[in-house]
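A.B. asks: Below is a structure I'd like to ask you about.
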Amino acid sequence: SENGTRCVLSSLSEFPEGFFTPQERKDGGIVIYFIIILYMFLAVSIVCDDYFLPSLEIISECLGLSQDVAGATFMAAGSSAPELVTAFLGAFVTKGDIGVSTILGSAIYNLLGISAACGLFSSVVSRLSCWPLFRDCLAYTISAAAVLAMISDNRIYWYESASLLLIYGCYVLVLCFDIKINQYLMKKFSPCCTCFTKAMEENAEQQPLVGWREESGPLIRQQSRTDSGIFQDDLDYSHLSTSLHGLDEISEDHPNVFTMPEADMKRILWVLSLPIITLLYLTIPDCRRQFWRNWFMVTFLISAAWISAITYVLVWMVTIAGETLGIPESVMGLTLLAAGTSVPDTVASVLVARKGNGDMAMSNIVGSNVFDMLCLGIPWFIKTAFINTSGPIEVNSSGLTYTAISLICSVVFIFLAVHLNGWKIDKRLGTICLVLYLVFTVLSILYELGIIGNNPTRVCGN
């Protein structure tokens with residue numbers, strides 16, 4: 001610090017040097033970076049749509065998980081893999097606060113930004129249930145408060161990091177008994193939860209999971225709490241769901257990924273994405289196909305690893321592009337980098353919201369934030385309990401008060417916004433969340449730049 005001004009390391013210090021010099025980037029080389037950024041967005045969407053979500057569907061069906069529980073556990077863990085890698089890098093490699101700043105800094109985007117994307121980019125109105133959203137928001141508030149309390153003295157001890165793991169363990173335990181807890185609460189508070197129960201019934205009626213056509217006509221089974229129902233095609237025919245519900249024979253295998261689409265625009269995107277399609281096809285077993293159906297856990301793990309690698313490249317390119325354009329470090333961290341690290345969450349949530357699975361989308365949004373808190377606890381516990389047992393980990397907690405207020409307010413606002421919108425995800429909710437996100441972002445940027453509050457910052461060396 002100099003004269004009360006806080007010095008922060010540049011985000012570029014956490015990444016390798018780019019393949020162009022600063023002058024070459026300013027002379028036009030930055031276009032290459034933008035092309036790579038767009039290609040990484042395309043790659044993440046392909047991994048999520050073709051491998052990650054299908055594997056999640058089979059896992060959910062085998063374990064009998066509901067939409068919201070699947071979204072809060074496996075989906076949140078897989079799409080938050082980049083944050084887990086970032087936290088380990090911050091604890092063991094860079095020895096900086098990259099894990100804390102990335103996870104806490106992107107929390108508001110995860111809640112409001114992704115909710116806005118789900119509402120604005122989905123043409124289907126998805127009904128939401130009261131209990132899953134309340135459960136996940138409460139768990140996130142508790143875990144965020146625990147992290148903020150731990151870093152308030154700039155030191156992390158082993159018992160503090162262990163308490164984070166204990167909180168997440170309790171969260172998973174609640175998810176294990178989710179259906180019984182939900183039924184008890186609905187029975188206990190039925191007078192004030194009538195509208196929520198009605199919304200759940202309407203959601204079940206509007207989202208049939210299995211519908212296969214026979215000679216006598218269509219047979220449709222309504223969705224229950226043990227169905228996750230990601231897959232639905234235009235003919236109400238789900239190969240995966242029928243196979244998992246007792247039909248041993250599948251008349252037709254899933255179309256090959258190398259099948260060219262018929263629409264012209266999709267055909268262009270398919271040609272452009274052919275290299276990444278080929279690479280993923282050679283490295284990830286496609287569990288949608290009968291031959292690889294039992295390899296769904298391998299598909300899940302490898303696709304999560306690919307998501308982490310692609311997100312790392314994406315954030316690297318975004319960081320270099322932001323520095324080339326002269327975007328202030330604090331502004332870039334709260335906008336471009338926060339959005340970049342949350343690309344898998346955004347893509348996965350929008351994809352399931354477009355299929356009408358609102359509970360899964362919202363549980364992934366909030367549940368991934370709960371998992372992010374665990375992402376901090378795991379490397380901290382390993383380092384303090386097994387590697388460096390002589391003392392605590394030193395962290396920087398500057399701006400803690402504003403961060404705490406922002407996190408708590410964002411959770412309260414998203415819950416109130418959903419309640420006032422009639423417990424459904426639509427374009428109106430997306431617009432409300434977008435406005436709230438822009439307000440929070442502007443206030444955060446003004447605070448980081450020292451225009452409001454008393455927290456002026458500068459990049460070290462500048």
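Numbering starts fresh at 1 for the residues of each chain in the structure tokens, the chains themselves are lettered A, B, ... in the order given, and ligands are numbered from 1 as they appear.
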Can you list, as an NGL selection string, every protein, DNA or RNA residue that comes within 8 Å of segment 304-318 of chain A when you count only C-alpha atoms, leaving out same-chain residues fewer than 2 positions away?
C.D. replies: :A and (12 or 15 or 33-34 or 36-37 or 40-41 or 43-44 or 47 or 52 or 78-79 or 81-82 or 85 or 300-302 or 320-322 or 336-337 or 340-341 or 343-344)
A.B. asks: Mind checking which residues fall within 10 Å of Val435 of chain A, counting only C-alpha atoms, ignoring those fewer than 6 positions away in the same chain, and posting them as number ranges by chain?
C.D. replies: A: 112-113, 116, 429, 441
A.B. asks: Residues at most 9 Å from segment 132-135 of chain A, counting only C-alpha atoms, excluding those fewer than 4 positions away in the same chain, as an MDAnalysis selection string?
C.D. replies: chainID A and resid 68:69 128 139:140 171 174 178 182 359 362:363 366 415
A.B. asks: Would you mind telling me which residue in A:Cys375, A:Val31, A:Leu272, A:Cys176 lies nearest to Gly64 of chain A when using only C-alpha atoms?
C.D. replies: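 Looking only at the distances to Gly64 of chain A, the closest residue turns out to be A:Cys176.
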A.B. asks: Using DSSP assignments from the backbone, pull out every residue in segment 120-176 of chain A that falls under helix (DSSP H, G or I) and give it to me as number ranges by chain.
C.D. replies: A: 120-121, 130-153, 158-176
A.B. asks: Set the distance at 9 Å and use only C-alpha atoms: which residues neighbour Leu165 of chain A once local chain neighbours fewer than 2 positions away are removed? I'd like the list as number ranges by chain.
C.D. replies: A: 161-163, 167-170, 373-374, 377-378, 381
A.B. asks: Could you check how far atom CA of Ile414 of chain A sits from atom CA of Pro328 of chain A, in Å to one decimal?
C.D. replies: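 One can read the atom CA of Ile414 of chain A to atom CA of Pro328 of chain A distance as 28.3 Å.
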A.B. asks: Check the smallest atom-to-atom distance from each of A:Ile327, A:Leu173, A:Ile179, A:Ile284 to Phe296 of chain A using only C-alpha atoms, then report the winner.
C.D. replies: A:Ile284
A.B. asks: Pick out the residues sitting within 6 Å of Asn364 of chain A, and hand them over as a list in words; count only C-alpha atoms, and ignore anything fewer than 5 positions along from it in its own chain.
C.D. replies: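 Listing them by chain and then by number gives Gly71, Ala72 and Ala76 of chain A.
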A.B. asks: With only C-alpha atoms as the basis for distance, which of A:Phe440, A:Trp292, A:Tyr51, A:Phe258 is at the shortest distance from Ser406 of chain A?
C.D. replies: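 So, comparing all the options, the nearest one is A:Phe440.
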A.B. asks: Can you work out which one of A:Met297, A:Ala361, A:Cys137, A:Leu325 has the shortest atom-to-atom distance to Val412 of chain A, counting only C-alpha atoms?
C.D. replies: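 Residue with the minimum atom-to-atom distance to Val412 of chain A: A:Cys137.
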A.B. asks: Near Val331 of chain A, counting only C-alpha atoms, which residues have an atom at most 9 Å away, once you skip same-chain residues fewer than 6 positions from it, shown as a PyMOL selection string?
C.D. replies: chain A and resi 441+444-446+448-449
A.B. asks: Restricting the output to C-alpha atoms, write the selected residues as a CSV table (one decimal), in the first residue's frame.
C.D. replies:
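Generated file (selection_34.csv):
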chain,number,residue,atom,x,y,z
A,441,THR,CA,-21.6,-4.5,-11.3
A,444,SER,CA,-18.8,-2.8,-7.5
A,445,ILE,CA,-16.7,-1.1,-10.2
A,446,LEU,CA,-17.1,2.3,-8.6
A,448,GLU,CA,-13.1,-1.0,-6.7
A,449,LEU,CA,-11.9,2.2,-8.4
A.B. asks: What is the atom CA of Arg155 of chain A-atom CA of Ile108 of chain A distance in Å, reported with one decimal?
C.D. replies: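 One can read the atom CA of Arg155 of chain A to atom CA of Ile108 of chain A distance as 24.1 Å.
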A.B. asks: So, with only C-alpha atoms as the atoms that count, which of A:Thr299, A:Ser368, A:Asn256, A:Ser80 lies closest to Leu56 of chain A?
C.D. replies: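 Using only C-alpha atoms, the shortest distance to Leu56 of chain A belongs to A:Thr299.
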